[in-house]
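Peer 1: Supplied in structure tokens, the structure appears directly below.
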Amino acid sequence: MQVSKLYALFRVEKERKLELAREIVRELARYSREEPFWEAVRKLDLKPEHVKEVMLFLEENGEIEIRRSSDGKRLWVLTLRDIRRNPIKLDRWLALKKPQRK
């Protein structure tokens, strides 16, 4: 499915919102090596603000951690490159978030 359609579903869905956000980020991670990245995002019929919204949603839910520079600015593309380089990391984080049984 196209990323723009996934984003449209992300905006209206309530139950599957987290699942759709993960899928969008995984898809965008494939394009993280393209320069300039934000132009590649525009070719996918998305705005940079949409990508940032999805990533912030995942960060708020504890799914990912957006990298930050020394002055505190968010490093969006570097975070996506990390996910692309090590996609299992996201899945491991998700597995760690499950409640521990005693």
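Within each chain, counting starts at residue 1; across the structure tokens, chains are named A, B, ... in the order shown, with ligands numbered 1 upward in that order.
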Could you list, as a PyMOL selection string, every residue within 9 Å of A:Ala29, counting only C-alpha atoms and ignoring same-chain residues fewer than 5 positions away?

Peer 2: chain A and resi 24+77+79-85+87

Peer 1: Using the selection just defined, write its residues with N, CA and C atoms as a JSON list (two decimals), in the first residue's frame.

Peer 2:
```json
[["chain", "number", "residue", "atom", "x", "y", "z"],
["A", 24, "ILE", "N", 4.22, 2.78, 8.46],
["A", 24, "ILE", "CA", 4.66, 3.99, 7.76],
["A", 24, "ILE", "C", 6.14, 4.23, 8.01],
["A", 77, "VAL", "N", 15.93, 12.12, 10.16],
["A", 77, "VAL", "CA", 16.46, 11.22, 9.14],
["A", 77, "VAL", "C", 17.44, 10.22, 9.75],
["A", 79, "THR", "N", 17.33, 9.01, 12.69],
["A", 79, "THR", "CA", 16.52, 8.01, 13.38],
["A", 79, "THR", "C", 15.99, 6.98, 12.40],
["A", 80, "LEU", "N", 15.51, 7.44, 11.23],
["A", 80, "LEU", "CA", 15.02, 6.51, 10.21],
["A", 80, "LEU", "C", 16.14, 5.64, 9.67],
["A", 81, "ARG", "N", 17.33, 6.21, 9.54],
["A", 81, "ARG", "CA", 18.47, 5.42, 9.07],
["A", 81, "ARG", "C", 18.82, 4.34, 10.07],
["A", 82, "ASP", "N", 18.74, 4.65, 11.35],
["A", 82, "ASP", "CA", 18.98, 3.64, 12.38],
["A", 82, "ASP", "C", 17.98, 2.50, 12.28],
["A", 83, "ILE", "N", 16.72, 2.84, 12.05],
["A", 83, "ILE", "CA", 15.68, 1.82, 11.92],
["A", 83, "ILE", "C", 15.93, 0.98, 10.68],
["A", 84, "ARG", "N", 16.39, 1.63, 9.61],
["A", 84, "ARG", "CA", 16.68, 0.90, 8.37],
["A", 84, "ARG", "C", 17.86, -0.04, 8.57],
["A", 85, "ARG", "N", 18.89, 0.44, 9.25],
["A", 85, "ARG", "CA", 20.09, -0.35, 9.47],
["A", 85, "ARG", "C", 19.81, -1.54, 10.38],
["A", 87, "PRO", "N", 16.41, -3.01, 11.63],
["A", 87, "PRO", "CA", 14.95, -3.05, 11.80],
["A", 87, "PRO", "C", 14.50, -3.94, 12.94]]
```

Peer 1: Write out, as CSV, each residue of stretch 13-61 of chain A that has an atom at most 9 Å from stretch 2-6 of chain A, together with the closest pair of atoms and their distance in Å to one decimal, counting only C-alpha atoms, rows going by chain and rising number.

Peer 2:
```
residue,atom,partner,partner_atom,distance
A:Leu20,CA,A:Leu6,CA,6.6
A:Ala21,CA,A:Leu6,CA,8.2
A:Glu23,CA,A:Leu6,CA,8.0
A:Ile24,CA,A:Val3,CA,6.2
A:Glu27,CA,A:Val3,CA,7.2
A:Leu28,CA,A:Val3,CA,8.0
A:Leu44,CA,A:Ser4,CA,6.6
A:Asp45,CA,A:Ser4,CA,5.8
A:Leu46,CA,A:Ser4,CA,5.9
```

Peer 1: For the residues in that selection, give me N, CA and C atoms as a PDB file, in the first residue's frame.

Peer 2:
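Okay, part_25.pdb is ready:
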```pdb
ATOM      1  N   LEU A  20      -0.439   1.108  12.078  1.00  0.00           N
ATOM      2  CA  LEU A  20      -0.238   1.876  10.848  1.00  0.00           C
ATOM      3  C   LEU A  20       0.987   2.780  10.951  1.00  0.00           C
ATOM      4  N   ALA A  21       1.201   3.372  12.111  1.00  0.00           N
ATOM      5  CA  ALA A  21       2.358   4.239  12.303  1.00  0.00           C
ATOM      6  C   ALA A  21       3.650   3.441  12.156  1.00  0.00           C
ATOM      7  N   GLU A  23       4.075   0.739  10.383  1.00  0.00           N
ATOM      8  CA  GLU A  23       4.226   0.392   8.972  1.00  0.00           C
ATOM      9  C   GLU A  23       4.722   1.592   8.159  1.00  0.00           C
ATOM     10  N   ILE A  24       4.222   2.775   8.460  1.00  0.00           N
ATOM     11  CA  ILE A  24       4.661   3.988   7.763  1.00  0.00           C
ATOM     12  C   ILE A  24       6.144   4.231   8.015  1.00  0.00           C
ATOM     13  N   GLU A  27       8.328   1.800   6.140  1.00  0.00           N
ATOM     14  CA  GLU A  27       8.368   2.134   4.716  1.00  0.00           C
ATOM     15  C   GLU A  27       9.262   3.348   4.468  1.00  0.00           C
ATOM     16  N   LEU A  28       9.156   4.356   5.305  1.00  0.00           N
ATOM     17  CA  LEU A  28       9.977   5.557   5.139  1.00  0.00           C
ATOM     18  C   LEU A  28      11.450   5.279   5.399  1.00  0.00           C
ATOM     19  N   LEU A  44       6.490  10.895  -2.547  1.00  0.00           N
ATOM     20  CA  LEU A  44       5.556   9.883  -2.045  1.00  0.00           C
ATOM     21  C   LEU A  44       4.207  10.487  -1.675  1.00  0.00           C
ATOM     22  N   ASP A  45       3.988  11.736  -2.038  1.00  0.00           N
ATOM     23  CA  ASP A  45       2.749  12.471  -1.736  1.00  0.00           C
ATOM     24  C   ASP A  45       2.531  12.665  -0.240  1.00  0.00           C
ATOM     25  N   LEU A  46       3.618  12.878   0.480  1.00  0.00           N
ATOM     26  CA  LEU A  46       3.549  13.195   1.901  1.00  0.00           C
ATOM     27  C   LEU A  46       4.246  14.516   2.151  1.00  0.00           C
TER      28      LEU A  46
END
```

Peer 1: With distances taken over only C-alpha atoms, which residue among A:Ile66, A:Ala40, A:Val25, A:Leu75 lies nearest A:Val54?

Peer 2: A:Val25

Peer 1: What is the atom CA of A:Lys47 to atom CA of A:Ala8 distance in Å?

Peer 2: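 According to the coordinates, atom CA of A:Lys47 and atom CA of A:Ala8 are separated by 12.1 Å.
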
Peer 1: Please indicate the distance in Å from atom CA of A:Glu19 to atom CA of A:Asn61, rounded to one decimal place.

Peer 2: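 Distance between the two atoms: 11.7 Å.
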
Peer 1: So, counting only C-alpha atoms, which residue among A:Ser69, A:Ser32, A:Glu13, A:Asn86 is closest to A:Val51?

Peer 2: A:Ser32

Peer 1: For A:Arg11, which residue among A:Arg26, A:Glu39, A:Pro48, A:Phe57 is the nearest when counting only C-alpha atoms?

Peer 2: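 Among the listed residues, A:Phe57 lies closest to A:Arg11.
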
Peer 1: From the list A:Lys73, A:Tyr31, A:His50, A:Pro36, which residue is nearest A:Tyr7 when using only C-alpha atoms?

Peer 2: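 Among the listed residues, the smallest separation from A:Tyr7 belongs to A:His50.
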